[in-house]
$ cat target_15.cif   # mmCIF, C-alpha atoms and all ligand atoms
data_target
loop_
_atom_site.label_atom_id
_atom_site.label_comp_id
_atom_site.auth_asym_id
_atom_site.auth_seq_id
_atom_site.Cartn_x
_atom_site.Cartn_y
_atom_site.Cartn_z
CA MET V 1 -3.36 -12.15 -24.25
CA LYS V 2 -3.52 -11.53 -20.49
CA PRO V 3 -6.71 -9.70 -19.45
CA LEU V 4 -6.30 -6.27 -17.90
CA ASN V 5 -5.91 -6.36 -14.10
CA ALA V 6 -5.46 -10.14 -14.18
CA ILE V 7 -4.76 -11.60 -10.74
CA PRO V 8 -1.65 -13.79 -10.71
CA PRO V 9 -2.68 -17.45 -10.30
CA GLN V 10 -0.45 -17.92 -7.24
CA VAL V 11 -2.62 -15.57 -5.20
CA ASP V 12 -4.79 -17.76 -2.94
CA PHE V 13 -7.60 -15.65 -1.49
CA THR V 14 -8.67 -18.53 0.77
CA LYS V 15 -5.58 -17.55 2.77
CA PRO V 16 -6.12 -13.78 3.08
CA LEU V 17 -3.42 -13.23 5.71
CA ASP V 18 -0.85 -14.75 3.34
CA VAL V 19 -2.09 -12.47 0.54
CA LEU V 20 -1.79 -9.42 2.81
CA PHE V 21 1.75 -10.51 3.68
CA GLN V 22 2.57 -10.81 -0.06
CA CYS V 23 1.15 -7.29 -0.58
CA HIS V 24 3.60 -6.08 2.06
CA GLN V 25 6.49 -7.65 0.18
CA LYS V 26 5.44 -5.70 -2.93
CA ILE V 27 5.05 -2.47 -0.94
CA ALA V 28 8.49 -2.99 0.62
CA ALA V 29 10.02 -3.62 -2.83
CA ASN V 30 8.40 -0.42 -4.12
CA LEU V 31 9.71 1.55 -1.15
CA GLU V 32 13.22 0.31 -1.91
CA THR V 33 12.84 1.30 -5.57
CA LEU V 34 11.62 4.72 -4.44
CA ARG V 35 14.57 5.16 -2.09
CA ARG V 36 17.13 4.16 -4.72
CA SER V 37 15.48 6.31 -7.39
CA VAL V 38 15.29 9.39 -5.18
CA GLU V 39 18.93 8.90 -4.24
CA SER V 40 19.82 8.87 -7.95
CA LEU V 41 17.91 12.13 -8.44
CA GLN V 42 20.28 13.93 -6.05
CA LYS V 43 23.17 13.92 -8.55
CA PRO V 44 21.31 13.30 -11.77
CA ASP V 45 22.98 12.03 -14.87
CA LYS V 46 20.91 13.80 -17.54
CA ALA V 47 20.70 10.70 -19.69
CA ALA V 48 19.30 8.66 -16.81
CA VAL V 49 16.64 11.11 -15.59
CA GLY V 50 13.92 9.65 -17.84
CA ASP V 51 14.54 6.12 -16.52
CA ILE V 52 14.59 7.33 -12.92
CA LEU V 53 11.29 9.19 -13.35
CA ASN V 54 9.78 6.10 -14.98
CA ALA V 55 10.83 3.98 -12.00
CA ILE V 56 9.29 6.52 -9.61
CA ASN V 57 6.13 6.58 -11.70
CA THR V 58 5.75 2.80 -11.28
CA VAL V 59 5.98 3.23 -7.50
CA VAL V 60 3.54 6.15 -7.41
CA VAL V 61 1.03 4.17 -9.50
CA HIS V 62 1.42 1.13 -7.24
CA PHE V 63 0.58 3.16 -4.13
CA ALA V 64 -2.38 4.80 -5.91
CA THR V 65 -3.87 1.47 -7.07
CA ALA V 66 -2.76 -1.75 -5.34
CA GLY V 67 -1.79 0.20 -2.21
CA ILE V 68 -5.29 1.69 -1.86
CA LYS V 69 -6.85 -1.77 -2.25
CA HIS V 70 -4.49 -3.16 0.39
CA THR V 71 -5.52 -0.45 2.87
CA ALA V 72 -9.18 -1.19 2.12
CA ASP V 73 -8.51 -4.92 2.73
CA GLU V 74 -7.32 -4.06 6.20
CA GLU V 75 -9.72 -1.24 7.10
CA GLN V 76 -12.90 -2.64 5.55
CA SER V 77 -12.43 -6.41 5.72
CA LEU V 78 -9.88 -7.42 8.37
CA PHE V 79 -9.87 -4.84 11.17
CA PRO V 80 -13.68 -4.58 11.63
CA ARG V 81 -13.93 -8.35 12.07
CA MET V 82 -11.12 -8.23 14.65
CA ARG V 83 -12.81 -5.33 16.46
CA ALA V 84 -15.98 -7.39 16.84
CA TYR V 85 -14.02 -9.41 19.41
CA ASN V 86 -13.04 -6.32 21.38
CA THR V 87 -14.87 -7.44 24.49
CA GLN V 88 -13.13 -10.80 24.62
CA ILE V 89 -9.50 -10.27 23.67
CA VAL V 90 -6.77 -8.16 25.27
CA SER V 91 -7.10 -4.51 24.34
CA GLU V 92 -3.46 -4.34 23.18
CA VAL V 93 -4.40 -5.60 19.70
CA PHE V 94 -7.12 -2.99 19.34
CA ASP V 95 -4.92 -0.12 20.47
CA VAL V 96 -2.47 -1.17 17.76
CA VAL V 97 -5.22 -1.37 15.13
CA ASP V 98 -6.25 2.21 16.03
CA GLN V 99 -2.64 3.35 15.55
CA LEU V 100 -2.39 1.52 12.21
CA GLU V 101 -5.53 3.24 10.89
CA ASP V 102 -4.08 6.58 11.90
CA GLN V 103 -0.86 5.70 10.03
CA HIS V 104 -2.94 4.76 6.95
CA LYS V 105 -4.40 8.28 6.94
CA ARG V 106 -0.98 9.89 7.28
CA ALA V 107 0.48 7.65 4.53
CA ALA V 108 -2.44 8.52 2.20
CA SER V 109 -1.82 12.22 2.81
CA VAL V 110 1.91 11.88 2.03
CA GLU V 111 1.13 9.81 -1.09
CA ASN V 112 -1.32 12.49 -2.32
CA SER V 113 1.30 15.19 -1.88
CA MET V 114 3.87 13.04 -3.68
CA ASN V 115 1.48 12.39 -6.58
CA GLN V 116 0.69 16.05 -7.06
CA LEU V 117 4.33 17.07 -6.87
CA PHE V 118 5.46 14.26 -9.17
CA VAL V 119 2.99 15.34 -11.88
CA THR V 120 4.60 18.80 -11.91
CA MET V 121 8.14 17.34 -11.85
CA VAL V 122 7.43 15.24 -14.93
CA ALA V 123 5.94 18.24 -16.72
CA ASP V 124 9.06 20.38 -16.13
CA GLU V 125 11.61 20.51 -18.92
CA GLU V 126 14.45 20.21 -16.41
CA LEU V 127 14.61 18.86 -12.90
CA ASP V 128 13.81 21.54 -10.34
CA SER V 129 16.12 21.09 -7.34
CA ASN V 130 13.54 22.54 -4.92
CA LYS V 131 10.96 20.02 -6.07
CA VAL V 132 13.51 17.20 -5.84
CA ALA V 133 14.28 18.24 -2.26
CA LEU V 134 10.59 18.29 -1.33
CA PHE V 135 9.94 14.96 -3.08
CA THR V 136 12.91 13.48 -1.21
CA ASP V 137 11.44 14.62 2.14
CA LEU V 138 8.06 13.13 1.26
CA SER V 139 9.66 9.84 0.16
CA GLU V 140 11.58 9.59 3.41
CA SER V 141 8.40 10.29 5.39
CA LEU V 142 6.60 7.53 3.53
CA TYR V 143 9.47 5.11 4.06
CA ASP V 144 9.66 5.94 7.78
CA LEU V 145 5.90 5.49 8.12
CA TYR V 146 5.59 2.21 6.24
CA ARG V 147 8.58 0.23 7.50
CA PRO V 148 7.46 -0.06 11.15
CA HIS V 149 3.81 -0.21 10.06
CA ILE V 150 4.42 -3.29 7.91
CA GLN V 151 6.53 -4.90 10.62
CA MET V 152 3.77 -4.39 13.22
CA GLU V 153 1.15 -5.90 10.92
CA ASN V 154 3.32 -8.85 9.89
CA GLU V 155 4.61 -9.72 13.31
CA PHE V 156 1.70 -8.84 15.58
CA VAL V 157 -1.62 -7.99 13.89
CA PHE V 158 -1.83 -10.73 11.25
CA PRO V 159 -0.78 -13.51 13.67
CA SER V 160 -3.36 -12.12 16.15
CA ALA V 161 -6.01 -12.14 13.40
CA GLY V 162 -5.12 -15.77 12.68
CA LYS V 163 -5.84 -16.61 16.32
CA ILE V 164 -8.90 -14.39 16.82
CA LEU V 165 -10.91 -14.96 13.62
CA SER V 166 -12.75 -18.15 12.74
CA ALA V 167 -12.04 -20.06 9.51
CA GLU V 168 -15.36 -18.76 8.11
CA GLU V 169 -14.47 -15.15 8.92
CA LEU V 170 -11.08 -15.50 7.23
CA ILE V 171 -12.77 -16.96 4.13
CA ALA V 172 -15.13 -13.94 4.13
CA VAL V 173 -12.13 -11.57 4.34
CA GLY V 174 -10.51 -13.36 1.39
CA ARG V 175 -13.74 -13.22 -0.63
CA GLU V 176 -14.00 -9.46 -0.15
CA MET V 177 -10.33 -9.02 -1.11
CA PHE V 178 -10.93 -11.04 -4.28
CA GLN V 179 -14.03 -8.98 -5.15
CA ARG V 180 -12.09 -5.76 -4.59
CA ARG V 181 -9.74 -6.81 -7.39
CA GLN V 182 -12.38 -7.59 -9.99
CA PRO V 183 -12.98 -5.14 -12.84
CA GLN V 184 -15.89 -2.83 -12.09
CA ILE V 185 -18.96 -3.66 -14.17
CA LEU V 186 -20.66 -0.41 -15.17
CA SER V 187 -24.41 -0.35 -14.98
CA SER V 188 -25.98 -0.22 -18.46
CA ARG V 189 -28.95 1.71 -17.02
CA SER V 190 -26.97 4.78 -16.00
FE FE E 201 -1.80 -1.25 7.12
FE FE E 202 -0.70 -3.61 5.48
#
$ encode --input "target_15.cif" --output "structure tokens" --more "lines below"
Ligand SMILES: [Fe+2]
Ligand SMILES: [Fe+2]
Amino acid sequence: MKPLNAIPPQVDFTKPLDVLFQCHQKIAANLETLRRSVESLQKPDKAAVGDILNAINTVVVHFATAGIKHTADEEQSLFPRMRAYNTQIVSEVFDVVDQLEDQHKRAASVENSMNQLFVTMVADEELDSNKVALFTDLSESLYDLYRPHIQMENEFVFPSAGKILSAEELIAVGREMFQRRQPQILSSRS
């Protein structure tokens, strides 16, 4: 039986920039699922509502788990190491990193609102059109935030990180990313 939270064997944390890129592919796939699902909610076929809400639930859970780890990979492991070179490299990269961190905060706020609203939507006996409209707005905001964000990281920030950081620093980033995905061991003394 596969252990809980098992990391797929194809994930190579010695190449952290590749892993971050793969995370983006998963985020992009989830955003597409969200967009399709929300579109289906506009003219709901009663029999399909359960499946649509299940699909949205998978997306919401992904953003609340893997998505949070991905943001931590960037904000706690990658960006600080890049910033340490601030005095040596063109400031353009660091201006972009500042913008990306700001977008992370805005995305987290939208995701929180979506989570809270989704919990109430699932609890309702019937779909509430006002809630669907609000959830649709939030989904579109998230989509509009993430698409250019991911593109900027893929095409500019990660290639810059590959040039700026040493092999040892990249290995350290990958090690922290790996540790972030290990099950938490609770202290027996608490
Ligand atoms: Fe990011
Ligand atoms: Fe990212």
$ atom_distance --input "target_15.cif" --atom1 "CA of Thr136 (chain V)" --atom2 "CA of His70 (chain V)"
24.1 Å
$ closest_residue --input "target_15.cif" --among "V:Asp102, V:Glu74, V:Glu39, V:Asp12" --to "Ala161 (chain V)" --atoms "all atoms listed in the file"
V:Glu74
$ residues_near_ligand --input "target_15.cif" --ligand "ligand FE 201 (chain E)" --cutoff "9 Å" --atoms "all atoms listed in the file" --output "list in words"
His24, His70, Thr71, Ala72, Asp73, Glu74, Glu75, Val97, Leu100, Glu101, Gln103, His104, Tyr146, His149, Ile150, Met152 and Glu153 of chain V
$ atom_distance --input "target_15.cif" --atom1 "CA of Ser113 (chain V)" --atom2 "CA of Val61 (chain V)"
13.4 Å
$ residues_around --input "target_15.cif" --residues "Leu17 (chain V)" --least-positions-apart "2" --cutoff "9 Å" --atoms "only C-alpha atoms" --output "CSV table (one decimal) with C-alpha atoms, in the coordinates of the input"
chain,number,residue,atom,x,y,z
V,13,PHE,CA,-7.6,-15.6,-1.5
V,14,THR,CA,-8.7,-18.5,0.8
V,15,LYS,CA,-5.6,-17.6,2.8
V,19,VAL,CA,-2.1,-12.5,0.5
V,20,LEU,CA,-1.8,-9.4,2.8
V,21,PHE,CA,1.8,-10.5,3.7
V,22,GLN,CA,2.6,-10.8,-0.1
V,158,PHE,CA,-1.8,-10.7,11.2
V,159,PRO,CA,-0.8,-13.5,13.7
V,161,ALA,CA,-6.0,-12.1,13.4
V,162,GLY,CA,-5.1,-15.8,12.7
V,170,LEU,CA,-11.1,-15.5,7.2
V,173,VAL,CA,-12.1,-11.6,4.3
V,174,GLY,CA,-10.5,-13.4,1.4
$ atom_distance --input "target_15.cif" --atom1 "CA of Ile68 (chain V)" --atom2 "CA of Glu169 (chain V)"
22.0 Å
$ closest_residue --input "target_15.cif" --among "V:Ser166, V:Ser37, V:Asn30, V:Thr65" --to "Val49 (chain V)" --atoms "all atoms listed in the file"
V:Ser37
$ closest_residue --input "target_15.cif" --among "V:Val93, V:Met177, V:Ala64, V:Ile56" --to "Asn112 (chain V)" --atoms "all atoms listed in the file"
V:Ala64
$ closest_residue --input "target_15.cif" --among "V:Thr33, V:Gln179, V:Asn86, V:Gln99" --to "Leu165 (chain V)" --atoms "all atoms listed in the file"
V:Asn86
$ closest_residue --input "target_15.cif" --among "V:Ala172, V:Leu78, V:Leu138, V:Val110" --to "ligand FE 202 (chain E)" --atoms "all atoms listed in the file"
V:Leu78
$ closest_residue --input "target_15.cif" --among "V:Asp51, V:Glu155, V:Glu176, V:Asp95" --to "ligand FE 202 (chain E)" --atoms "only C-alpha atoms and all ligand atoms"
V:Glu155
$ residues_around --input "target_15.cif" --residues "Leu41 (chain V)" --least-positions-apart "4" --cutoff "12 Å" --atoms "all atoms listed in the file" --output "PyMOL selection string"
chain V and resi 34-37+45-53+55-56+121+126-136
